[in-house]
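J.: mmCIF, C-alpha atoms and all ligand atoms, saved as entry-v8.cif, coming up:
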data_structure
#
loop_
_atom_site.label_atom_id
_atom_site.label_comp_id
_atom_site.auth_asym_id
_atom_site.auth_seq_id
_atom_site.Cartn_x
_atom_site.Cartn_y
_atom_site.Cartn_z
CA MET A 1 -54.04 75.28 214.09
CA ALA A 2 -53.42 72.21 216.24
CA ARG A 3 -52.33 69.20 214.17
CA LYS A 4 -51.72 65.53 214.81
CA VAL A 5 -48.22 64.77 213.51
CA LEU A 6 -46.77 61.30 212.92
CA VAL A 7 -43.01 60.78 213.32
CA LEU A 8 -41.28 57.69 211.95
CA ALA A 9 -38.64 56.51 214.42
CA GLU A 10 -35.42 55.17 212.94
CA ILE A 11 -33.75 52.29 214.69
CA ARG A 12 -30.17 51.21 214.22
CA ASP A 13 -28.48 48.49 216.25
CA ASN A 14 -31.49 48.39 218.59
CA ALA A 15 -31.16 52.09 219.42
CA LEU A 16 -33.00 55.14 218.13
CA ARG A 17 -31.03 57.34 215.77
CA ASN A 18 -30.63 60.97 216.84
CA VAL A 19 -32.52 62.18 213.79
CA THR A 20 -35.63 60.64 215.35
CA PHE A 21 -35.42 63.07 218.28
CA GLU A 22 -34.81 65.94 215.88
CA ALA A 23 -37.88 64.85 213.90
CA ILE A 24 -39.95 64.91 217.10
CA ALA A 25 -38.75 68.48 217.77
CA ALA A 26 -39.75 69.48 214.21
CA ALA A 27 -43.09 67.71 214.66
CA LYS A 28 -43.74 69.70 217.84
CA THR A 29 -43.46 72.91 215.83
CA VAL A 30 -45.70 71.55 213.06
CA ALA A 31 -48.24 70.26 215.62
CA GLU A 32 -48.76 73.76 217.07
CA GLY A 33 -49.86 72.32 220.39
CA GLY A 34 -51.49 69.24 218.81
CA GLU A 35 -50.43 65.63 219.29
CA VAL A 36 -47.08 64.19 218.24
CA VAL A 37 -47.33 60.44 217.63
CA GLY A 38 -44.14 58.38 217.38
CA MET A 39 -44.22 55.30 215.16
CA LEU A 40 -41.91 52.32 215.74
CA LEU A 41 -41.68 49.74 212.97
CA SER A 42 -39.68 46.65 213.90
CA ASP A 43 -39.78 42.88 214.11
CA ARG A 44 -39.99 42.54 217.87
CA ALA A 45 -41.32 44.11 220.99
CA SER A 46 -39.23 47.15 221.56
CA ASN A 47 -38.46 49.06 224.69
CA LEU A 48 -37.76 52.23 222.75
CA ALA A 49 -41.21 53.79 223.06
CA SER A 50 -40.46 55.42 226.41
CA GLU A 51 -37.44 57.16 224.87
CA LEU A 52 -39.64 58.65 222.14
CA ILE A 53 -41.94 59.99 224.85
CA ALA A 54 -39.02 61.34 226.88
CA TYR A 55 -37.96 63.33 223.80
CA GLY A 56 -41.41 64.83 223.27
CA ALA A 57 -43.76 62.30 221.65
CA ASP A 58 -47.21 62.37 223.26
CA ARG A 59 -48.12 58.85 222.18
CA VAL A 60 -46.39 55.93 220.48
CA VAL A 61 -47.74 53.38 218.02
CA THR A 62 -45.60 50.25 217.81
CA VAL A 63 -45.85 47.84 214.91
CA GLU A 64 -44.21 44.44 215.16
CA HIS A 65 -43.92 42.12 212.20
CA ASP A 66 -41.35 39.56 211.05
CA GLN A 67 -41.01 41.39 207.73
CA LEU A 68 -39.98 44.59 209.50
CA CYS A 69 -36.71 43.07 210.71
CA HIS A 70 -34.82 44.87 207.92
CA TYR A 71 -35.92 47.94 206.01
CA THR A 72 -37.50 47.34 202.63
CA ALA A 73 -39.50 50.06 200.91
CA ASP A 74 -42.21 47.51 200.24
CA GLY A 75 -42.55 46.14 203.81
CA PHE A 76 -42.16 49.47 205.60
CA GLY A 77 -44.36 51.14 202.99
CA GLN A 78 -47.23 48.71 203.58
CA ALA A 79 -46.97 49.06 207.39
CA PHE A 80 -46.64 52.85 207.19
CA LEU A 81 -49.70 53.20 204.95
CA GLN A 82 -51.84 51.10 207.29
CA VAL A 83 -50.86 53.21 210.31
CA LEU A 84 -51.50 56.33 208.26
CA GLU A 85 -54.96 55.10 207.32
CA ALA A 86 -55.80 54.44 210.98
CA GLU A 87 -54.24 57.56 212.49
CA LYS A 88 -55.18 60.09 209.78
CA PRO A 89 -52.51 62.61 210.82
CA GLU A 90 -52.31 66.17 209.54
CA GLY A 91 -48.51 66.02 209.45
CA ILE A 92 -45.72 63.47 208.84
CA ILE A 93 -42.05 64.00 209.65
CA MET A 94 -39.12 61.65 209.11
CA GLY A 95 -35.36 61.94 208.78
CA HIS A 96 -33.74 62.75 205.45
CA THR A 97 -31.65 59.61 205.82
CA ALA A 98 -31.14 56.73 203.39
CA LEU A 99 -34.38 55.26 204.75
CA GLY A 100 -36.34 58.53 204.67
CA LYS A 101 -35.10 59.41 201.19
CA ASP A 102 -36.37 56.06 199.96
CA LEU A 103 -39.63 55.75 201.88
CA ALA A 104 -41.01 59.30 201.95
CA PRO A 105 -41.42 59.73 198.16
CA LYS A 106 -43.07 56.32 197.98
CA ILE A 107 -45.62 57.28 200.64
CA ALA A 108 -46.15 60.70 199.05
CA ALA A 109 -46.76 59.16 195.64
CA LYS A 110 -49.15 56.49 196.97
CA MET A 111 -51.14 59.05 198.94
CA GLU A 112 -50.85 61.77 196.28
CA LEU A 113 -49.29 64.13 198.81
CA GLY A 114 -46.85 66.97 198.49
CA LEU A 115 -43.45 66.37 200.10
CA ILE A 116 -40.81 68.83 201.25
CA SER A 117 -37.52 67.00 201.43
CA ASP A 118 -34.24 67.77 203.19
CA ALA A 119 -35.55 70.57 205.40
CA THR A 120 -33.05 72.26 207.69
CA ALA A 121 -35.51 74.44 209.65
CA VAL A 122 -39.22 74.71 210.32
CA GLU A 123 -41.38 77.55 211.59
CA VAL A 124 -45.04 78.47 211.69
CA VAL A 125 -46.00 81.87 210.31
CA ASP A 126 -49.67 82.88 210.28
CA GLU A 127 -50.72 79.27 210.80
CA GLN A 128 -48.69 78.19 207.79
CA VAL A 129 -45.90 75.66 208.31
CA ILE A 130 -42.80 76.86 206.48
CA PHE A 131 -39.77 74.66 205.89
CA THR A 132 -36.35 75.96 204.86
CA ARG A 133 -34.31 73.76 202.55
CA PRO A 134 -30.97 74.19 200.77
CA ILE A 135 -30.94 74.38 196.98
CA TYR A 136 -28.21 74.61 194.31
CA SER A 137 -25.92 72.36 196.38
CA GLY A 138 -26.32 74.52 199.49
CA LYS A 139 -25.57 77.86 197.78
CA ALA A 140 -29.05 79.21 198.50
CA PHE A 141 -32.04 78.40 200.67
CA GLU A 142 -35.70 78.35 199.73
CA LYS A 143 -38.78 78.38 201.93
CA ASN A 144 -41.62 76.00 201.12
CA SER A 145 -45.00 75.26 202.57
CA ILE A 146 -47.71 72.75 201.75
CA SER A 147 -51.02 74.55 201.45
CA ASP A 148 -53.23 71.54 200.81
CA GLY A 149 -53.33 68.15 202.54
CA ILE A 150 -50.94 66.57 205.00
CA VAL A 151 -47.82 68.57 205.92
CA PHE A 152 -45.15 66.05 204.94
CA ALA A 153 -41.40 66.64 205.24
CA THR A 154 -38.07 64.94 205.71
CA ILE A 155 -35.50 66.76 207.83
CA ARG A 156 -31.75 66.82 207.37
CA PRO A 157 -29.92 65.29 210.37
CA ASN A 158 -28.02 67.65 212.70
CA ASN A 159 -29.97 70.80 211.87
CA ILE A 160 -33.11 70.97 213.99
CA PRO A 161 -32.10 70.59 217.64
CA ALA A 162 -33.77 67.80 219.59
CA LEU A 163 -35.70 68.73 222.73
CA VAL A 164 -34.10 68.09 226.10
CA LYS A 165 -34.83 64.54 227.26
CA ASP A 166 -37.37 64.44 230.07
CA GLY A 167 -37.67 60.99 231.61
CA THR A 168 -40.69 62.03 233.68
CA ARG A 169 -42.94 62.46 230.60
CA THR A 170 -45.63 59.84 230.15
CA GLY A 171 -47.76 58.82 227.18
CA GLU A 172 -49.82 55.97 225.81
CA VAL A 173 -48.03 53.17 223.95
CA SER A 174 -50.22 50.96 221.77
CA LEU A 175 -49.58 47.96 219.55
CA PHE A 176 -50.91 48.17 216.00
CA ASN A 177 -51.30 45.03 213.89
CA VAL A 178 -50.49 45.22 210.21
CA GLU A 179 -50.75 42.81 207.32
CA ILE A 180 -47.71 42.67 205.06
CA LYS A 181 -48.05 40.58 201.92
CA ASP A 182 -46.67 39.90 198.45
CA LEU A 183 -43.28 41.39 199.21
CA ARG A 184 -41.14 41.73 196.13
CA THR A 185 -37.96 42.02 198.20
CA ILE A 186 -37.05 39.86 201.16
CA ILE A 187 -33.78 40.64 202.90
CA LYS A 188 -32.33 37.52 204.45
CA GLU A 189 -29.15 38.91 205.89
CA ILE A 190 -27.22 42.14 206.00
CA VAL A 191 -23.46 41.85 206.09
CA ARG A 192 -22.08 45.19 207.14
CA LYS A 193 -18.59 46.45 206.72
CA THR A 194 -17.09 46.99 210.13
CA SER A 195 -17.52 50.67 210.72
CA GLU A 196 -15.23 52.34 213.15
CA GLY A 197 -16.62 54.82 215.63
CA VAL A 198 -19.27 57.45 215.06
CA ASP A 199 -21.89 57.41 212.28
CA LEU A 200 -20.75 59.95 209.66
CA SER A 201 -24.18 61.42 208.89
CA GLU A 202 -24.91 62.17 212.56
CA ALA A 203 -21.38 63.07 213.73
CA LYS A 204 -20.91 66.39 215.52
CA VAL A 205 -17.25 66.46 214.45
CA ILE A 206 -15.87 65.24 211.13
CA VAL A 207 -12.22 65.04 210.14
CA ALA A 208 -12.16 64.62 206.37
CA GLY A 209 -9.21 63.61 204.23
CA GLY A 210 -8.64 64.39 200.58
CA ARG A 211 -6.14 63.23 198.01
CA GLY A 212 -3.59 65.18 200.06
CA VAL A 213 -3.43 62.30 202.58
CA LYS A 214 -1.61 60.43 199.80
CA SER A 215 -2.31 56.85 200.96
CA ALA A 216 -4.55 54.66 203.11
CA ASP A 217 -1.96 54.95 205.87
CA GLY A 218 -2.16 58.73 205.49
CA PHE A 219 -5.62 58.54 207.07
CA GLU A 220 -4.16 57.27 210.38
CA PRO A 221 -3.38 60.75 211.86
CA LEU A 222 -6.91 61.86 210.84
CA LYS A 223 -8.45 58.83 212.59
CA GLU A 224 -6.44 59.69 215.69
CA LEU A 225 -7.67 63.30 215.67
CA ALA A 226 -11.28 62.17 215.09
CA LYS A 227 -10.99 59.75 218.01
CA VAL A 228 -9.72 62.44 220.37
CA LEU A 229 -12.58 64.74 219.32
CA GLY A 230 -15.21 61.99 219.50
CA GLY A 231 -15.88 62.46 215.79
CA ALA A 232 -16.00 60.51 212.53
CA VAL A 233 -13.66 60.32 209.56
CA GLY A 234 -14.91 61.42 206.15
CA ALA A 235 -13.30 61.79 202.74
CA SER A 236 -13.39 63.54 199.41
CA ARG A 237 -14.13 61.57 196.30
CA GLY A 238 -10.53 62.17 195.30
CA ALA A 239 -9.41 60.11 198.29
CA CYS A 240 -12.02 57.41 197.60
CA ASP A 241 -11.15 57.20 193.90
CA ALA A 242 -7.50 56.82 194.83
CA GLU A 243 -8.55 53.84 197.03
CA TYR A 244 -7.22 55.45 200.21
CA CYS A 245 -10.57 54.74 201.87
CA ASP A 246 -14.00 53.27 201.36
CA TYR A 247 -16.69 55.07 199.33
CA SER A 248 -18.98 54.93 202.36
CA LEU A 249 -16.86 57.84 203.70
CA GLN A 250 -17.40 60.06 200.66
CA ILE A 251 -18.87 63.47 201.36
CA GLY A 252 -20.29 65.67 198.63
CA GLN A 253 -22.74 65.91 195.80
CA THR A 254 -22.54 62.20 195.05
CA GLY A 255 -21.69 61.20 198.61
CA LYS A 256 -23.14 62.02 202.00
CA VAL A 257 -24.42 65.47 202.93
CA VAL A 258 -23.25 66.38 206.42
CA THR A 259 -23.73 69.30 208.78
CA PRO A 260 -21.51 68.72 211.80
CA ASP A 261 -20.66 71.37 214.39
CA LEU A 262 -17.01 71.11 213.32
CA TYR A 263 -15.62 69.99 209.94
CA ILE A 264 -11.85 69.68 209.60
CA ALA A 265 -10.84 69.30 205.94
CA CYS A 266 -7.32 67.94 205.53
CA GLY A 267 -5.70 67.95 202.10
CA VAL A 268 -9.05 68.62 200.41
CA SER A 269 -8.92 71.15 197.55
CA GLY A 270 -12.54 72.28 197.90
CA ALA A 271 -14.07 71.25 194.59
CA ILE A 272 -17.66 72.45 194.18
CA GLN A 273 -18.92 68.85 194.35
CA HIS A 274 -17.23 68.38 197.74
CA LEU A 275 -18.50 71.71 199.08
CA ALA A 276 -22.05 70.60 198.17
CA GLY A 277 -21.83 68.00 200.93
CA MET A 278 -20.25 69.99 203.75
CA SER A 279 -20.50 73.76 203.22
CA ASN A 280 -23.35 74.09 205.74
CA SER A 281 -21.18 72.72 208.56
CA LYS A 282 -21.26 75.11 211.49
CA VAL A 283 -17.49 75.66 211.79
CA ILE A 284 -15.09 74.69 209.00
CA VAL A 285 -11.35 74.33 209.49
CA ALA A 286 -9.21 73.79 206.40
CA ILE A 287 -5.67 72.45 206.40
CA ASN A 288 -4.00 72.66 203.01
CA LYS A 289 -0.49 73.40 201.87
CA ASP A 290 -1.77 75.44 198.92
CA PRO A 291 -2.82 78.93 200.12
CA GLU A 292 -4.90 79.32 196.92
CA ALA A 293 -6.99 76.18 197.57
CA ASN A 294 -10.74 76.66 197.01
CA ILE A 295 -11.56 75.33 200.44
CA PHE A 296 -10.13 78.42 202.20
CA PRO A 297 -12.79 81.01 201.20
CA ILE A 298 -15.55 78.91 202.79
CA ALA A 299 -13.47 78.01 205.87
CA ASP A 300 -13.88 79.79 209.21
CA TYR A 301 -10.28 78.92 210.10
CA GLY A 302 -7.56 78.12 207.62
CA ILE A 303 -4.16 76.58 208.27
CA VAL A 304 -1.69 76.73 205.39
CA GLY A 305 0.67 73.86 206.00
CA ASP A 306 1.46 70.18 205.66
CA LEU A 307 -1.35 68.12 207.13
CA PHE A 308 1.13 65.50 208.34
CA GLU A 309 2.67 68.16 210.60
CA VAL A 310 -0.50 70.07 211.54
CA VAL A 311 -2.90 67.19 212.32
CA PRO A 312 -0.66 65.45 214.93
CA LEU A 313 -0.04 68.84 216.59
CA LEU A 314 -3.78 69.47 216.81
CA THR A 315 -4.31 65.97 218.22
CA GLU A 316 -1.71 66.57 220.93
CA GLU A 317 -3.28 69.92 221.86
CA PHE A 318 -6.82 68.51 221.98
CA LYS A 319 -5.58 65.63 224.14
CA LYS A 320 -4.47 68.20 226.72
CA ALA A 321 -7.86 69.97 226.72
P1 LIG A 401 -7.45 67.24 194.92
O1 LIG A 401 -8.30 68.16 194.13
O2 LIG A 401 -6.35 66.53 194.22
O3 LIG A 401 -6.85 68.09 196.11
C1 LIG A 401 -5.89 67.62 197.00
C2 LIG A 401 -5.51 68.80 197.88
O4 LIG A 401 -4.59 68.37 198.88
C3 LIG A 401 -4.85 69.95 197.14
O5 LIG A 401 -5.54 71.15 197.42
C4 LIG A 401 -3.44 69.99 197.72
O6 LIG A 401 -2.93 71.33 197.83
C5 LIG A 401 -3.64 69.40 199.07
N1 LIG A 401 -2.46 68.74 199.65
C6 LIG A 401 -1.63 67.84 199.05
N2 LIG A 401 -0.70 67.42 199.93
C7 LIG A 401 -0.95 68.04 201.10
C8 LIG A 401 -0.35 68.01 202.39
N3 LIG A 401 0.71 67.22 202.65
N4 LIG A 401 -0.86 68.80 203.36
C9 LIG A 401 -1.93 69.61 203.13
N5 LIG A 401 -2.54 69.66 201.92
C10 LIG A 401 -2.07 68.89 200.93
N6 LIG A 401 -15.85 65.11 195.02
C11 LIG A 401 -16.18 64.96 196.33
O7 LIG A 401 -15.36 65.17 197.22
N7 LIG A 401 -17.44 64.52 196.66
C12 LIG A 401 -18.40 64.27 195.73
O8 LIG A 401 -19.51 63.87 196.09
C13 LIG A 401 -18.08 64.45 194.37
N8 LIG A 401 -18.99 64.25 193.41
C14 LIG A 401 -18.66 64.49 192.10
C15 LIG A 401 -19.63 64.37 191.10
C16 LIG A 401 -19.32 64.65 189.79
C17 LIG A 401 -20.38 64.53 188.74
C18 LIG A 401 -17.99 65.04 189.45
C19 LIG A 401 -17.64 65.36 188.02
C20 LIG A 401 -17.02 65.14 190.41
C21 LIG A 401 -17.34 64.87 191.74
N9 LIG A 401 -16.36 64.99 192.74
C22 LIG A 401 -16.74 64.85 194.05
C23 LIG A 401 -14.94 65.16 192.43
C24 LIG A 401 -14.44 66.60 192.58
O9 LIG A 401 -14.66 67.31 191.39
C25 LIG A 401 -12.92 66.61 192.91
O10 LIG A 401 -12.25 65.93 191.89
C26 LIG A 401 -12.57 65.98 194.23
O11 LIG A 401 -13.37 66.51 195.26
C27 LIG A 401 -11.10 66.28 194.54
O12 LIG A 401 -10.74 65.63 195.72
P2 LIG A 401 -9.56 66.23 196.61
O13 LIG A 401 -9.88 67.62 197.00
O14 LIG A 401 -9.31 65.26 197.67
O15 LIG A 401 -8.30 66.12 195.63
#
Could the structure of this file be written out as structure tokens, please?
T.:
Amino acid sequence: MARKVLVLAEIRDNALRNVTFEAIAAAKTVAEGGEVVGMLLSDRASNLASELIAYGADRVVTVEHDQLCHYTADGFGQAFLQVLEAEKPEGIIMGHTALGKDLAPKIAAKMELGLISDATAVEVVDEQVIFTRPIYSGKAFEKNSISDGIVFATIRPNNIPALVKDGTRTGEVSLFNVEIKDLRTIIKEIVRKTSEGVDLSEAKVIVAGGRGVKSADGFEPLKELAKVLGGAVGASRGACDAEYCDYSLQIGQTGKVVTPDLYIACGVSGAIQHLAGMSNSKVIVAINKDPEANIFPIADYGIVGDLFEVVPLLTEEFKKA
């Protein structure tokens, strides 16, 4: 059954986040040959529409409004609902990011729709769209489908591969006017902590430190390794609680959920709450001086040793590659 599927594009620092391209790929599957419509919500004319088309969108609706400069559930919600009303799609896909986690339930509640959140795969079986999603902190997977109404899902970053970019694709780009009023939240300014390097939630390689790094300075060899591998640095809550690093780096049940291609855990014991955030990584390497550490059974490669000896050696070897 051909469907029209709407994809919310996510913009950060004037660029599209990778999860947007992954959402387009998921939408292509859901559309079953129907139309994939990209939606850009921002405060100014954007030149990002052609990139959405290059990654598979058939058409792009751009919405420009002063109140869409920064994300607020209220402002984005109002704009989203007006586009929804006009487009009447049969499917909606967005990233399971901080924005998607906040906005999708709001839209679903307003429209009285079902929502499948945090999907890691999508397929169509007998004309039914089936999403796979992790449950019990990633220990099991369940398959869900929406049998009635709009097929609405958020997808976990780094799981559904984006389509190959094709700059020769063309598609219509139209401007859609919205009215945004009575906002309860107005963001005047966002002061961000300076973040070094790659965005943790979209990183292909993560080098994570636990309490075993012993100090803030102990993270330096991990940062060096991450830099050589083009990856990001993450942490256990143990390391964050000990004030070795910022909580924005925390991975786990109460931190970020990540699925990089390579996860290198250094001095992390492997508590269940940490595993909840990283156990679905494609390849896991654990470095721990305790051979009985819980991280080893879920690791693809384990190195029993002192991280302060092992990590610099790995960095030197990767530098040669
Ligand atoms: P530790 O358990 O102290 O482990 C340190 C490890 O480093 C040890 O295995 C040790 O052998 C090793 N080590 C020490 N020195 C070296 C060295 N020189 N070289 C190599 N290895 C070395 N935790 C999270 O991570 N994320 C969460 O989101 C999270 N949410 C939680 C939610 C709740 C409700 C609760 C109760 C807890 C949560 N926790 C979370 C905390 C979790 O239970 C653990 O306490 C925490 O993950 C431990 O962090 P750690 O592995 O860094 O520290």
J.: Got a sec: who's within 9 Å of range 105-117 of chain A, counting all atoms listed in the file, leaving out chain neighbours fewer than 2 positions off, as a PyMOL selection string?
T.: chain A and resi 73+77+80-81+96+100-103+119+131+133+144-146+148-156
J.: Please compute the CA of Glu309 in chain A-CA of Arg211 in chain A distance, one decimal, in Å.
T.: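 CA of Arg211 in chain A lies at a distance of 16.1 Å from CA of Glu309 in chain A.
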J.: Once you count only C-alpha atoms and all ligand atoms, which residues end up within 7 Å of ligand LIG 401 (chain A), and could you hand them over as a PyMOL selection string?
T.: chain A and resi 209-213+235-239+250-255+266-274+277+287-290+293+305-308
J.: Provide the CA of Ile130 in chain A to CA of Lys28 in chain A distance in Å, to one decimal place.
T.: 13.5 Å
J.: From (-23.7, 63.1, 207.1), in the file's coordinates, out to 8 Å: which residues are reached, counting all atoms listed in the file? Answer as JSON, numbers by chain.
T.: {"A": [157, 199, 200, 201, 202, 203, 251, 256, 257, 258, 259, 260]}
J.: Just the number, please: distance in Å from CA of Gly56 in chain A to CA of Ala121 in chain A, one decimal.
T.: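 These two atoms are separated by 17.7 Å.
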J.: Give me, as JSON, numbers by chain, all polymer residues having an atom no more than 12 Å from Glu316 in chain A, counting all atoms listed in the file and skipping those fewer than 3 positions away in the same chain.
T.: {"A": [221, 224, 225, 227, 228, 229, 309, 310, 311, 312, 313, 319, 320, 321]}
J.: Would you mind listing, for every residue of range 130-180 of chain A within 8 Å of range 64-68 of chain A, the two atoms forming the shortest contact and the distance between them in Å to one decimal, using only C-alpha atoms, sorted by chain and ascending residue number, as a tab-separated table?
T.:
residue	atom	partner	partner_atom	distance
A:Leu175	CA	A:Glu64	CA	7.8
A:Phe176	CA	A:Glu64	CA	7.7
A:Asn177	CA	A:Glu64	CA	7.2
A:Val178	CA	A:His65	CA	7.5
A:Ile180	CA	A:Gln67	CA	7.3
J.: Restricting the calculation to all atoms listed in the file: of A:Glu142, A:Glu123, A:Asp118, A:Glu35, which residue gets closest to Pro89 in chain A?
T.: A:Glu35
J.: Restricting the calculation to all atoms listed in the file, which member of A:Val173, A:Ile264, A:Ile186, A:Val164 is positioned closest to Lys204 in chain A?
T.: A:Ile264
J.: Do you know which residues are at most 6 Å from range 298-303 of chain A counting only C-alpha atoms, after dropping those on the same chain fewer than 5 positions away, and could you put them as a list of chain:residue names?
T.: A:Ile284, A:Val285, A:Ala286, A:Ile287
